[in-house]
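Here's upload-v4.pdb, which has PDB, C-alpha atoms (C1' of nucleotides) and all ligand atoms:
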MODEL        1
ATOM      1  CA  MET A   1     115.457 129.945 124.906
ATOM      2  CA  LYS A   2     118.607 131.940 124.502
ATOM      3  CA  LEU A   3     120.939 131.905 121.537
ATOM      4  CA  THR A   4     118.292 131.813 118.833
ATOM      5  CA  PRO A   5     119.185 131.282 115.168
ATOM      6  CA  GLN A   6     118.972 135.002 114.423
ATOM      7  CA  ARG A   7     121.182 135.884 117.363
ATOM      8  CA  LYS A   8     123.661 133.249 116.368
ATOM      9  CA  ALA A   9     123.639 134.512 112.791
ATOM     10  CA  VAL A  10     124.447 138.024 113.963
ATOM     11  CA  PHE A  11     127.143 136.695 116.273
ATOM     12  CA  ASP A  12     128.689 134.639 113.476
ATOM     13  CA  VAL A  13     128.930 137.627 111.184
ATOM     14  CA  ILE A  14     130.818 139.555 113.841
ATOM     15  CA  LEU A  15     133.042 136.588 114.656
ATOM     16  CA  ALA A  16     133.909 136.019 111.017
ATOM     17  CA  SER A  17     134.507 139.618 110.080
ATOM     18  CA  ARG A  18     137.860 141.072 110.769
ATOM     19  CA  ASP A  19     136.813 144.715 110.697
ATOM     20  CA  HIS A  20     134.431 145.704 113.486
ATOM     21  CA  PRO A  21     131.222 145.859 111.455
ATOM     22  CA  THR A  22     128.338 148.255 112.003
ATOM     23  CA  ALA A  23     124.703 147.168 112.299
ATOM     24  CA  ALA A  24     124.246 148.090 108.656
ATOM     25  CA  ASP A  25     127.271 145.999 107.657
ATOM     26  CA  ILE A  26     125.784 143.061 109.500
ATOM     27  CA  MET A  27     122.398 143.581 107.879
ATOM     28  CA  GLU A  28     123.972 143.641 104.445
ATOM     29  CA  HIS A  29     126.005 140.546 105.135
ATOM     30  CA  LEU A  30     122.952 138.617 106.294
ATOM     31  CA  ARG A  31     120.954 139.786 103.263
ATOM     32  CA  ASN A  32     123.713 138.712 100.905
ATOM     33  CA  SER A  33     123.858 135.290 102.481
ATOM     34  CA  GLY A  34     120.156 134.867 101.825
ATOM     35  CA  GLN A  35     118.827 135.372 105.338
ATOM     36  CA  ARG A  36     116.143 137.914 105.931
ATOM     37  CA  VAL A  37     116.219 139.444 109.368
ATOM     38  CA  SER A  38     114.580 142.647 110.432
ATOM     39  CA  TYR A  39     116.549 145.640 111.587
ATOM     40  CA  ALA A  40     114.864 145.503 114.960
ATOM     41  CA  THR A  41     116.063 141.946 115.439
ATOM     42  CA  VAL A  42     119.609 142.824 114.495
ATOM     43  CA  TYR A  43     119.648 145.609 117.060
ATOM     44  CA  ASN A  44     117.947 143.423 119.661
ATOM     45  CA  SER A  45     120.459 140.677 119.016
ATOM     46  CA  LEU A  46     123.352 143.097 119.320
ATOM     47  CA  LYS A  47     122.004 144.211 122.655
ATOM     48  CA  TYR A  48     121.473 140.637 123.795
ATOM     49  CA  LEU A  49     124.975 139.601 122.754
ATOM     50  CA  THR A  50     126.460 142.628 124.447
ATOM     51  CA  ASN A  51     124.688 141.846 127.719
ATOM     52  CA  ALA A  52     125.755 138.234 127.411
ATOM     53  CA  GLN A  53     129.339 139.479 127.143
ATOM     54  CA  LEU A  54     129.799 137.710 123.834
ATOM     55  CA  ILE A  55     130.526 140.912 121.959
ATOM     56  CA  ARG A  56     131.107 144.517 122.793
ATOM     57  CA  GLU A  57     129.947 147.746 121.300
ATOM     58  CA  LEU A  58     132.506 150.264 120.099
ATOM     59  CA  LYS A  59     131.649 153.922 119.964
ATOM     60  CA  ILE A  60     134.428 155.491 117.992
ATOM     61  CA  GLY A  61     133.519 159.067 117.342
ATOM     62  CA  GLU A  62     131.824 158.199 114.059
ATOM     63  CA  SER A  63     128.067 158.056 113.736
ATOM     64  CA  ALA A  64     127.382 154.306 113.822
ATOM     65  CA  SER A  65     128.414 151.909 116.557
ATOM     66  CA  ARG A  66     130.686 149.054 115.595
ATOM     67  CA  TYR A  67     130.728 145.623 117.163
ATOM     68  CA  ASP A  68     133.627 143.463 118.247
ATOM     69  CA  ALA A  69     133.749 139.797 119.175
ATOM     70  CA  ARG A  70     137.220 140.066 120.616
ATOM     71  CA  MET A  71     136.594 140.264 124.338
ATOM     72  CA  GLU A  72     140.095 140.507 125.773
ATOM     73  CA  ALA A  73     140.975 144.026 126.895
ATOM     74  CA  HIS A  74     142.215 146.033 123.961
ATOM     75  CA  HIS A  75     141.804 149.348 122.222
ATOM     76  CA  HIS A  76     141.423 150.658 118.670
ATOM     77  CA  ILE A  77     143.107 152.816 116.102
ATOM     78  CA  VAL A  78     141.290 154.449 113.211
ATOM     79  CA  CYS A  79     142.786 155.393 109.863
ATOM     80  CA  GLU A  80     141.877 158.964 109.051
ATOM     81  CA  LYS A  81     142.157 158.291 105.323
ATOM     82  CA  CYS A  82     140.455 154.969 104.619
ATOM     83  CA  GLY A  83     138.435 154.692 107.829
ATOM     84  CA  ARG A  84     139.468 151.208 108.832
ATOM     85  CA  VAL A  85     139.457 150.351 112.518
ATOM     86  CA  ASP A  86     142.368 148.212 113.641
ATOM     87  CA  GLU A  87     143.155 146.568 116.922
ATOM     88  CA  LEU A  88     145.399 148.397 119.332
ATOM     89  CA  LEU A  89     146.768 145.759 121.659
ATOM     90  CA  THR A  90     149.299 147.971 123.435
ATOM     91  CA  PRO A  91     148.195 147.889 127.071
ATOM     92  CA  LEU A  92     148.022 151.036 129.136
ATOM     93  CA  PRO A  93     150.586 150.970 131.951
ATOM     94  CA  ASN A  94     149.215 150.400 135.413
ATOM     95  CA  GLU A  95     150.687 153.597 136.739
ATOM     96  CA  TYR A  96     148.431 155.497 134.377
ATOM     97  CA  TRP A  97     145.336 154.062 136.043
ATOM     98  CA  GLN A  98     146.718 154.958 139.413
ATOM     99  CA  ALA A  99     147.533 158.463 138.281
ATOM    100  CA  VAL A 100     143.995 158.952 136.930
ATOM    101  CA  THR A 101     142.471 157.766 140.183
ATOM    102  CA  LYS A 102     144.686 160.102 142.122
ATOM    103  CA  ASP A 103     144.308 163.122 139.830
ATOM    104  CA  THR A 104     140.530 162.995 139.471
ATOM    105  CA  GLY A 105     139.272 161.488 142.722
ATOM    106  CA  TYR A 106     137.094 159.164 140.629
ATOM    107  CA  ASP A 107     136.549 155.510 141.297
ATOM    108  CA  VAL A 108     137.823 154.570 137.829
ATOM    109  CA  HIS A 109     136.005 151.668 136.168
ATOM    110  CA  ASP A 110     137.609 151.684 132.784
ATOM    111  CA  ILE A 111     139.816 153.638 130.450
ATOM    112  CA  ASP A 112     139.182 153.662 126.753
ATOM    113  CA  ILE A 113     141.657 154.647 124.111
ATOM    114  CA  VAL A 114     141.044 155.585 120.508
ATOM    115  CA  ALA A 115     144.085 156.472 118.454
ATOM    116  CA  ARG A 116     143.942 158.107 115.049
ATOM    117  CA  GLY A 117     146.423 158.285 112.218
ATOM    118  CA  LEU A 118     147.440 156.859 108.870
ATOM    119  CA  CYS A 119     147.413 153.112 108.426
ATOM    120  CA  PRO A 120     150.432 151.387 106.883
ATOM    121  CA  ASP A 121     148.639 151.033 103.523
ATOM    122  CA  CYS A 122     147.638 154.687 103.358
ATOM    123  CA  ARG A 123     151.095 155.847 104.379
ATOM    124  CA  ARG A 124     152.453 154.556 101.084
ATOM    125  CA  GLN A 125     150.000 156.390  98.828
ATOM    126  CA  PRO A 126     150.412 160.139  98.298
TER     127      PRO A 126
ATOM    128  CA  MET Q   1     133.867 188.897 107.892
ATOM    129  CA  LYS Q   2     134.758 186.238 110.387
ATOM    130  CA  LEU Q   3     133.825 186.142 114.049
ATOM    131  CA  THR Q   4     130.251 187.331 113.642
ATOM    132  CA  PRO Q   5     128.096 188.193 116.654
ATOM    133  CA  GLN Q   6     126.341 184.835 116.551
ATOM    134  CA  ARG Q   7     129.614 182.953 116.393
ATOM    135  CA  LYS Q   8     131.011 184.989 119.226
ATOM    136  CA  ALA Q   9     127.874 184.374 121.271
ATOM    137  CA  VAL Q  10     128.250 180.623 120.827
ATOM    138  CA  PHE Q  11     131.925 180.844 121.669
ATOM    139  CA  ASP Q  12     131.226 182.851 124.805
ATOM    140  CA  VAL Q  13     128.754 180.300 126.079
ATOM    141  CA  ILE Q  14     131.332 177.554 125.726
ATOM    142  CA  LEU Q  15     134.056 179.684 127.292
ATOM    143  CA  ALA Q  16     131.895 180.585 130.250
ATOM    144  CA  SER Q  17     130.534 177.130 130.922
ATOM    145  CA  ARG Q  18     132.573 174.760 132.931
ATOM    146  CA  ASP Q  19     130.868 171.581 131.812
ATOM    147  CA  HIS Q  20     131.394 170.794 128.122
ATOM    148  CA  PRO Q  21     127.959 171.790 126.828
ATOM    149  CA  THR Q  22     126.071 170.151 123.979
ATOM    150  CA  ALA Q  23     124.539 172.078 121.075
ATOM    151  CA  ALA Q  24     121.203 171.898 122.861
ATOM    152  CA  ASP Q  25     122.736 173.280 126.068
ATOM    153  CA  ILE Q  26     124.151 176.167 124.081
ATOM    154  CA  MET Q  27     120.827 176.808 122.382
ATOM    155  CA  GLU Q  28     119.056 176.894 125.723
ATOM    156  CA  HIS Q  29     121.623 179.226 127.217
ATOM    157  CA  LEU Q  30     121.320 181.649 124.305
ATOM    158  CA  ARG Q  31     117.521 181.535 124.486
ATOM    159  CA  ASN Q  32     117.581 182.233 128.210
ATOM    160  CA  SER Q  33     119.840 185.209 127.724
ATOM    161  CA  GLY Q  34     117.347 186.674 125.279
ATOM    162  CA  GLN Q  35     119.167 185.971 122.015
ATOM    163  CA  ARG Q  36     117.374 184.143 119.308
ATOM    164  CA  VAL Q  37     119.622 182.093 117.078
ATOM    165  CA  SER Q  38     118.604 179.284 114.828
ATOM    166  CA  TYR Q  39     119.776 175.748 115.347
ATOM    167  CA  ALA Q  40     121.468 175.753 111.968
ATOM    168  CA  THR Q  41     123.513 178.758 112.985
ATOM    169  CA  VAL Q  42     124.558 177.171 116.238
ATOM    170  CA  TYR Q  43     125.774 174.108 114.385
ATOM    171  CA  ASN Q  44     127.412 176.207 111.685
ATOM    172  CA  SER Q  45     129.126 178.288 114.329
ATOM    173  CA  LEU Q  46     130.336 175.215 116.145
ATOM    174  CA  LYS Q  47     131.833 173.976 112.920
ATOM    175  CA  TYR Q  48     133.401 177.334 112.188
ATOM    176  CA  LEU Q  49     134.896 177.608 115.674
ATOM    177  CA  THR Q  50     136.196 174.076 115.481
ATOM    178  CA  ASN Q  51     137.924 174.772 112.176
ATOM    179  CA  ALA Q  52     139.307 177.985 113.577
ATOM    180  CA  GLN Q  53     140.795 175.941 116.430
ATOM    181  CA  LEU Q  54     139.005 178.020 119.004
ATOM    182  CA  ILE Q  55     137.067 175.081 120.375
ATOM    183  CA  ARG Q  56     137.038 171.360 119.942
ATOM    184  CA  GLU Q  57     134.326 168.813 119.590
ATOM    185  CA  LEU Q  58     134.157 165.938 122.059
ATOM    186  CA  LYS Q  59     132.563 162.681 121.033
ATOM    187  CA  ILE Q  60     132.199 160.744 124.223
ATOM    188  CA  GLY Q  61     130.183 157.675 123.426
ATOM    189  CA  GLU Q  62     126.917 159.443 124.249
ATOM    190  CA  SER Q  63     124.509 160.616 121.599
ATOM    191  CA  ALA Q  64     125.222 164.335 121.446
ATOM    192  CA  SER Q  65     128.603 165.963 120.840
ATOM    193  CA  ARG Q  66     129.954 168.225 123.519
ATOM    194  CA  TYR Q  67     132.137 171.264 122.986
ATOM    195  CA  ASP Q  68     135.232 172.416 124.812
ATOM    196  CA  ALA Q  69     137.046 175.733 124.742
ATOM    197  CA  ARG Q  70     140.047 174.377 126.567
ATOM    198  CA  MET Q  71     142.531 173.793 123.780
ATOM    199  CA  GLU Q  72     145.543 172.469 125.636
ATOM    200  CA  ALA Q  73     145.984 168.720 125.258
ATOM    201  CA  HIS Q  74     143.846 166.913 127.783
ATOM    202  CA  HIS Q  75     141.357 164.099 128.114
ATOM    203  CA  HIS Q  76     138.031 163.446 129.826
ATOM    204  CA  ILE Q  77     136.409 161.298 132.452
ATOM    205  CA  VAL Q  78     132.682 160.613 132.600
ATOM    206  CA  CYS Q  79     130.687 159.771 135.694
ATOM    207  CA  GLU Q  80     128.574 156.705 135.027
ATOM    208  CA  LYS Q  81     126.024 157.781 137.616
ATOM    209  CA  CYS Q  82     125.409 161.500 137.141
ATOM    210  CA  GLY Q  83     126.817 161.880 133.647
ATOM    211  CA  ARG Q  84     129.127 164.800 134.269
ATOM    212  CA  VAL Q  85     132.197 165.113 132.110
ATOM    213  CA  ASP Q  86     135.311 166.227 133.958
ATOM    214  CA  GLU Q  87     138.754 167.143 132.756
ATOM    215  CA  LEU Q  88     141.413 164.480 132.823
ATOM    216  CA  LEU Q  89     144.701 166.309 132.804
ATOM    217  CA  THR Q  90     146.927 163.296 133.405
ATOM    218  CA  PRO Q  91     149.162 163.179 130.334
ATOM    219  CA  LEU Q  92     149.825 159.938 128.538
ATOM    220  CA  PRO Q  93     153.480 158.944 128.835
ATOM    221  CA  ASN Q  94     155.567 159.404 125.723
ATOM    222  CA  GLU Q  95     156.583 155.782 125.635
ATOM    223  CA  TYR Q  96     152.957 154.883 125.057
ATOM    224  CA  TRP Q  97     152.891 156.878 121.827
ATOM    225  CA  GLN Q  98     156.061 155.209 120.726
ATOM    226  CA  ALA Q  99     154.700 151.788 121.578
ATOM    227  CA  VAL Q 100     151.513 152.440 119.589
ATOM    228  CA  THR Q 101     153.507 153.561 116.569
ATOM    229  CA  LYS Q 102     155.651 150.502 116.783
ATOM    230  CA  ASP Q 103     152.860 148.016 117.468
ATOM    231  CA  THR Q 104     150.465 149.188 114.768
ATOM    232  CA  GLY Q 105     152.690 150.538 112.006
ATOM    233  CA  TYR Q 106     150.432 153.605 111.908
ATOM    234  CA  ASP Q 107     151.598 157.155 111.568
ATOM    235  CA  VAL Q 108     149.864 158.160 114.806
ATOM    236  CA  HIS Q 109     148.305 161.624 114.810
ATOM    237  CA  ASP Q 110     146.579 161.605 118.125
ATOM    238  CA  ILE Q 111     145.500 159.453 121.011
ATOM    239  CA  ASP Q 112     142.257 160.085 122.773
ATOM    240  CA  ILE Q 113     141.329 158.827 126.194
ATOM    241  CA  VAL Q 114     137.920 158.586 127.800
ATOM    242  CA  ALA Q 115     137.821 157.222 131.306
ATOM    243  CA  ARG Q 116     134.646 156.165 133.071
ATOM    244  CA  GLY Q 117     133.802 155.720 136.712
ATOM    245  CA  LEU Q 118     132.165 157.274 139.739
ATOM    246  CA  CYS Q 119     132.813 160.920 140.472
ATOM    247  CA  PRO Q 120     133.786 161.978 143.996
ATOM    248  CA  ASP Q 121     130.246 163.241 144.688
ATOM    249  CA  CYS Q 122     128.581 160.050 143.550
ATOM    250  CA  ARG Q 123     131.032 157.891 145.478
ATOM    251  CA  ARG Q 124     129.604 159.221 148.728
ATOM    252  CA  GLN Q 125     125.938 158.419 147.990
ATOM    253  CA  PRO Q 126     124.776 154.769 148.211
TER     254      PRO Q 126
ATOM    255  C1'  DG S   1      96.689 120.373 122.139
ATOM    256  C1'  DT S   2      96.605 124.525 125.314
ATOM    257  C1'  DC S   3      98.590 128.255 127.363
ATOM    258  C1'  DA S   4     102.063 131.383 128.763
ATOM    259  C1'  DT S   5     105.991 133.487 127.506
ATOM    260  C1'  DA S   6     109.787 135.056 124.626
ATOM    261  C1'  DA S   7     111.404 136.421 120.116
ATOM    262  C1'  DT S   8     110.644 138.302 115.614
ATOM    263  C1'  DC S   9     108.806 141.476 112.415
ATOM    264  C1'  DA S  10     107.442 145.742 109.688
ATOM    265  C1'  DG S  11     107.030 149.961 110.197
ATOM    266  C1'  DA S  12     106.339 154.221 113.020
ATOM    267  C1'  DC S  13     108.900 157.192 115.979
ATOM    268  C1'  DT S  14     112.798 159.871 118.216
ATOM    269  C1'  DT S  15     116.863 162.493 118.294
ATOM    270  C1'  DA S  16     121.108 164.599 116.715
ATOM    271  C1'  DT S  17     122.752 166.573 112.909
ATOM    272  C1'  DT S  18     122.865 168.172 108.040
ATOM    273  C1'  DC S  19     120.862 170.161 104.060
ATOM    274  C1'  DT S  20     118.111 173.494 101.294
ATOM    275  C1'  DA S  21     116.434 177.480  99.491
ATOM    276  C1'  DA S  22     115.131 181.949 100.583
ATOM    277  C1'  DA S  23     116.129 186.256 103.129
ATOM    278  C1'  DT S  24     119.442 189.259 105.152
ATOM    279  C1'  DG S  25     123.560 191.828 105.707
ATOM    280  C1'  DA S  26     128.295 193.583 104.953
ATOM    281  C1'  DC S  27     131.578 195.420 101.870
ATOM    282  C1'  DG S  28     133.809 197.365  97.973
ATOM    283  C1'  DA S  29     133.393 199.495  93.425
ATOM    284  C1'  DA S  30     131.331 202.764  90.674
TER     285       DA S  30
ATOM    286  C1'  DT P   1     124.670 206.541  97.626
ATOM    287  C1'  DT P   2     123.542 202.800  94.971
ATOM    288  C1'  DC P   3     124.725 198.221  93.175
ATOM    289  C1'  DG P   4     126.350 193.799  92.921
ATOM    290  C1'  DT P   5     128.429 190.131  95.119
ATOM    291  C1'  DC P   6     129.037 186.885  98.254
ATOM    292  C1'  DA P   7     129.032 185.168 103.057
ATOM    293  C1'  DT P   8     125.846 184.346 106.764
ATOM    294  C1'  DT P   9     121.593 183.443 108.901
ATOM    295  C1'  DT P  10     117.206 181.392 109.068
ATOM    296  C1'  DA P  11     113.106 178.091 109.253
ATOM    297  C1'  DG P  12     112.010 174.069 108.248
ATOM    298  C1'  DA P  13     112.635 169.748 105.558
ATOM    299  C1'  DA P  14     115.566 165.799 105.147
ATOM    300  C1'  DT P  15     118.697 162.160 106.816
ATOM    301  C1'  DA P  16     120.458 158.491 109.555
ATOM    302  C1'  DA P  17     121.179 155.693 113.689
ATOM    303  C1'  DG P  18     118.783 153.706 116.871
ATOM    304  C1'  DT P  19     114.451 152.676 119.683
ATOM    305  C1'  DC P  20     109.687 151.542 120.363
ATOM    306  C1'  DT P  21     105.085 149.465 119.321
ATOM    307  C1'  DG P  22     101.659 146.240 118.562
ATOM    308  C1'  DA P  23     100.737 142.343 116.000
ATOM    309  C1'  DT P  24     102.408 137.818 114.802
ATOM    310  C1'  DT P  25     104.974 133.715 115.366
ATOM    311  C1'  DA P  26     107.840 130.242 117.691
ATOM    312  C1'  DT P  27     108.897 127.564 121.868
ATOM    313  C1'  DG P  28     108.249 124.545 125.272
ATOM    314  C1'  DA P  29     106.051 123.267 129.937
ATOM    315  C1'  DC P  30     101.976 121.185 131.214
TER     316       DC P  30
HETATM  317 MN    MN B 201     138.731 145.135 118.430
HETATM  318 MN    MN B 202     137.826 169.470 128.541
HETATM  319 ZN    ZN B 203     144.114 153.760 105.744
HETATM  320 ZN    ZN B 204     128.678 161.558 139.461
ENDMDL
END
Once you've parsed the file, please lay out its structure as structure tokens.
Ligand SMILES: [Mn+2]
Ligand SMILES: [Mn+2]
Ligand SMILES: [Zn+2]
Ligand SMILES: [Zn+2]
Amino acid sequence: MKLTPQRKAVFDVILASRDHPTAADIMEHLRNSGQRVSYATVYNSLKYLTNAQLIRELKIGESASRYDARMEAHHHIVCEKCGRVDELLTPLPNEYWQAVTKDTGYDVHDIDIVARGLCPDCRRQP
Amino acid sequence: MKLTPQRKAVFDVILASRDHPTAADIMEHLRNSGQRVSYATVYNSLKYLTNAQLIRELKIGESASRYDARMEAHHHIVCEKCGRVDELLTPLPNEYWQAVTKDTGYDVHDIDIVARGLCPDCRRQP
DNA sequence: GTCATAATCAGACTTATTCTAAATGACGAA
DNA sequence: TTCGTCATTTAGAATAAGTCTGATTATGAC
């Protein structure tokens, strides 16, 4: 009793979408495709999938969490005009990790990057 | 009509505190020091001070925003055990900015880092 | 089929933040 | 000083994301 139909449905929406959807986005998508799922189940599924390491939760300054089915290490960049959240695949150099460890005395578990700026599309418009 | 007494009071709390307080922390501090300010005013002041570039708002994954009077460019590191938020002064190498610009096609305005791990104090305890 | 357990559901609740509408206060002009 | 204006403050209502609850519905081992 693990990957129930509802959980799979939520997972599929995230897999299929290219844009890091929020819980509300997922809800809407499921509604539109004729499935009725409760909000509680969507949030429970998101938590289940996150624990199962099938997705991860992104907390990017904005109010609502977004969800990502891409599990390889990567970061994100947000357009300040249109709000889209794109992948940022540029890896952080190893020396940076070392420097953080040294400078802070922390046992560093992970380093998260969120860049902000104007996306290629928005750069064109005035 | 600008830096009113309430706004200054909020600012002073942030300046004096070493630990990136939340709105609620600030409220409590003001209460304890015998000033009565409304929540709305605290939030309005925080917005005013942020616009005035006297403080900045930190959105570190957690629920509540924290506020920082240190305006020089720097980042933050959060202890996963005790929750404290420390300064991370290690600057990101310039080549990283360039790489992000190149890899994403964005006009990059800023890059934010949040590291996570165990603080020196918590490393000692089992 | 029975029973235990896990998952779903609608809706109530919590918490951070924003909004609203009324009261207050500062300032300049008359 | 007295007014009028306009920014600020205030208490409390409203909003929005997310969590919790208790009842209901699968599931599947026996
Ligand atoms: Mn991603
Ligand atoms: Mn800081
Ligand atoms: Zn854009
Ligand atoms: Zn700690």
Leaving out A:Leu3 and any residue of its chain fewer than 3 positions from it, which residues lie within 10 Å of it when counting all atoms listed in the file, given as a PyMOL selection string?
-> chain A and resi 6-9+11+45+48-49+52
Any chance you could lay chain A over chain Q, fitting all C-alpha atoms in order by least squares, and write the moved chain as a short mmCIF file (atom, residue, chain, number, x, y, z; two decimals) with C-alpha atoms, in the coordinates of the input?
data_model
loop_
_atom_site.label_atom_id
_atom_site.label_comp_id
_atom_site.auth_asym_id
_atom_site.auth_seq_id
_atom_site.Cartn_x
_atom_site.Cartn_y
_atom_site.Cartn_z
CA MET A 1 133.79 189.09 108.14
CA LYS A 2 134.72 186.43 110.61
CA LEU A 3 133.75 186.28 114.25
CA THR A 4 130.17 187.44 113.85
CA PRO A 5 127.97 188.24 116.85
CA GLN A 6 126.26 184.85 116.69
CA ARG A 7 129.56 183.02 116.52
CA LYS A 8 130.91 185.04 119.38
CA ALA A 9 127.77 184.35 121.40
CA VAL A 10 128.19 180.62 120.89
CA PHE A 11 131.88 180.86 121.75
CA ASP A 12 131.13 182.82 124.92
CA VAL A 13 128.68 180.24 126.15
CA ILE A 14 131.30 177.53 125.77
CA LEU A 15 133.99 179.67 127.36
CA ALA A 16 131.81 180.51 130.34
CA SER A 17 130.45 177.05 130.95
CA ARG A 18 132.49 174.70 132.97
CA ASP A 19 130.86 171.50 131.76
CA HIS A 20 131.41 170.77 128.07
CA PRO A 21 127.97 171.74 126.79
CA THR A 22 126.11 170.12 123.91
CA ALA A 23 124.57 172.05 121.02
CA ALA A 24 121.23 171.81 122.78
CA ASP A 25 122.73 173.17 126.00
CA ILE A 26 124.12 176.10 124.07
CA MET A 27 120.80 176.71 122.35
CA GLU A 28 119.00 176.74 125.67
CA HIS A 29 121.53 179.07 127.21
CA LEU A 30 121.22 181.54 124.34
CA ARG A 31 117.41 181.37 124.49
CA ASN A 32 117.43 182.02 128.22
CA SER A 33 119.66 185.03 127.78
CA GLY A 34 117.17 186.48 125.34
CA GLN A 35 119.01 185.84 122.09
CA ARG A 36 117.26 184.02 119.32
CA VAL A 37 119.57 182.04 117.10
CA SER A 38 118.60 179.26 114.78
CA TYR A 39 119.81 175.72 115.26
CA ALA A 40 121.51 175.80 111.89
CA THR A 41 123.53 178.82 112.96
CA VAL A 42 124.57 177.20 116.21
CA TYR A 43 125.83 174.17 114.34
CA ASN A 44 127.48 176.32 111.68
CA SER A 45 129.15 178.39 114.37
CA LEU A 46 130.37 175.29 116.15
CA LYS A 47 131.90 174.09 112.93
CA TYR A 48 133.45 177.48 112.24
CA LEU A 49 134.91 177.71 115.74
CA THR A 50 136.25 174.20 115.51
CA ASN A 51 138.00 174.93 112.21
CA ALA A 52 139.34 178.15 113.67
CA GLN A 53 140.83 176.07 116.49
CA LEU A 54 138.99 178.12 119.08
CA ILE A 55 137.08 175.14 120.41
CA ARG A 56 137.09 171.43 119.93
CA GLU A 57 134.39 168.86 119.54
CA LEU A 58 134.23 165.96 121.98
CA LYS A 59 132.65 162.71 120.95
CA ILE A 60 132.27 160.77 124.14
CA GLY A 61 130.28 157.68 123.40
CA GLU A 62 127.00 159.42 124.19
CA SER A 63 124.66 160.58 121.46
CA ALA A 64 125.35 164.32 121.33
CA SER A 65 128.71 165.95 120.75
CA ARG A 66 130.02 168.23 123.45
CA TYR A 67 132.19 171.28 122.94
CA ASP A 68 135.26 172.43 124.80
CA ALA A 69 137.04 175.77 124.77
CA ARG A 70 140.06 174.41 126.57
CA MET A 71 142.55 173.85 123.78
CA GLU A 72 145.58 172.51 125.61
CA ALA A 73 146.01 168.76 125.19
CA HIS A 74 143.88 166.94 127.72
CA HIS A 75 141.40 164.13 128.06
CA HIS A 76 138.07 163.49 129.78
CA ILE A 77 136.44 161.36 132.41
CA VAL A 78 132.72 160.68 132.56
CA CYS A 79 130.71 159.87 135.66
CA GLU A 80 128.60 156.81 135.02
CA LYS A 81 126.04 157.92 137.60
CA CYS A 82 125.42 161.63 137.10
CA GLY A 83 126.85 161.96 133.59
CA ARG A 84 129.16 164.88 134.20
CA VAL A 85 132.25 165.17 132.04
CA ASP A 86 135.35 166.30 133.89
CA GLU A 87 138.80 167.20 132.69
CA LEU A 88 141.45 164.52 132.76
CA LEU A 89 144.75 166.36 132.72
CA THR A 90 146.97 163.33 133.35
CA PRO A 91 149.19 163.18 130.27
CA LEU A 92 149.85 159.92 128.50
CA PRO A 93 153.52 158.92 128.79
CA ASN A 94 155.59 159.32 125.67
CA GLU A 95 156.59 155.69 125.62
CA TYR A 96 152.96 154.80 125.08
CA TRP A 97 152.89 156.73 121.81
CA GLN A 98 156.05 155.04 120.72
CA ALA A 99 154.69 151.64 121.63
CA VAL A 100 151.50 152.28 119.63
CA THR A 101 153.48 153.34 116.59
CA LYS A 102 155.62 150.26 116.86
CA ASP A 103 152.80 147.80 117.60
CA THR A 104 150.42 148.95 114.88
CA GLY A 105 152.64 150.25 112.09
CA TYR A 106 150.40 153.33 111.95
CA ASP A 107 151.60 156.87 111.55
CA VAL A 108 149.88 157.93 114.78
CA HIS A 109 148.34 161.41 114.72
CA ASP A 110 146.61 161.47 118.04
CA ILE A 111 145.52 159.37 120.96
CA ASP A 112 142.28 160.04 122.72
CA ILE A 113 141.36 158.83 126.16
CA VAL A 114 137.95 158.61 127.77
CA ALA A 115 137.84 157.27 131.30
CA ARG A 116 134.67 156.24 133.07
CA GLY A 117 133.82 155.83 136.72
CA LEU A 118 132.18 157.41 139.74
CA CYS A 119 132.83 161.06 140.43
CA PRO A 120 133.81 162.15 143.95
CA ASP A 121 130.27 163.43 144.64
CA CYS A 122 128.59 160.23 143.52
CA ARG A 123 131.03 158.08 145.46
CA ARG A 124 129.59 159.43 148.69
CA GLN A 125 125.94 158.64 147.93
CA PRO A 126 124.75 155.03 148.13
#
Starting from chain S, keep only residues with some atom at most 12 Å from an atom of chain Q, counting all atoms listed in the file, and report them as a tab-separated table (two decimals) with C-alpha atoms (C1' of nucleotides), in the coordinates of the input.
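Generated output (part_17.tsv):
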chain	number	residue	atom	x	y	z
S	15	DT	C1'	116.86	162.49	118.29
S	16	DA	C1'	121.11	164.60	116.72
S	17	DT	C1'	122.75	166.57	112.91
S	18	DT	C1'	122.86	168.17	108.04
S	19	DC	C1'	120.86	170.16	104.06
S	20	DT	C1'	118.11	173.49	101.29
S	25	DG	C1'	123.56	191.83	105.71
S	26	DA	C1'	128.29	193.58	104.95
S	27	DC	C1'	131.58	195.42	101.87
Can you tell me, as a list in words, what residues are no more than 12 Å from A:Cys122 when counting only C-alpha atoms (C1' of nucleotides), ignoring any on the same chain fewer than 2 positions away?
->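 Listed by chain and then number, they are Val78, Cys79, Glu80, Lys81, Cys82, Gly83, Arg84, Gly117, Leu118, Cys119, Pro120, Arg124, Gln125 and Pro126 of chain A; Gly105, Tyr106 and Asp107 of chain Q.
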Residues in the PyMOL selection byres (((not hetatm)) within 8 of (chain B and resi 202)), expressed as a tab-separated table (two decimals) with C-alpha atoms, in the coordinates of the input:
chain	number	residue	atom	x	y	z
Q	19	ASP	CA	130.87	171.58	131.81
Q	20	HIS	CA	131.39	170.79	128.12
Q	68	ASP	CA	135.23	172.42	124.81
Q	69	ALA	CA	137.05	175.73	124.74
Q	70	ARG	CA	140.05	174.38	126.57
Q	71	MET	CA	142.53	173.79	123.78
Q	74	HIS	CA	143.85	166.91	127.78
Q	75	HIS	CA	141.36	164.10	128.11
Q	76	HIS	CA	138.03	163.45	129.83
Q	85	VAL	CA	132.20	165.11	132.11
Q	86	ASP	CA	135.31	166.23	133.96
Q	87	GLU	CA	138.75	167.14	132.76
Q	88	LEU	CA	141.41	164.48	132.82
Tell me which residues the PyMOL selection byres ((chain Q) within 8 of (chain A)) grabs here, as an MDAnalysis selection string.
-> chainID Q and resid 59:61 88:90 92 96 99:100 103:120 123
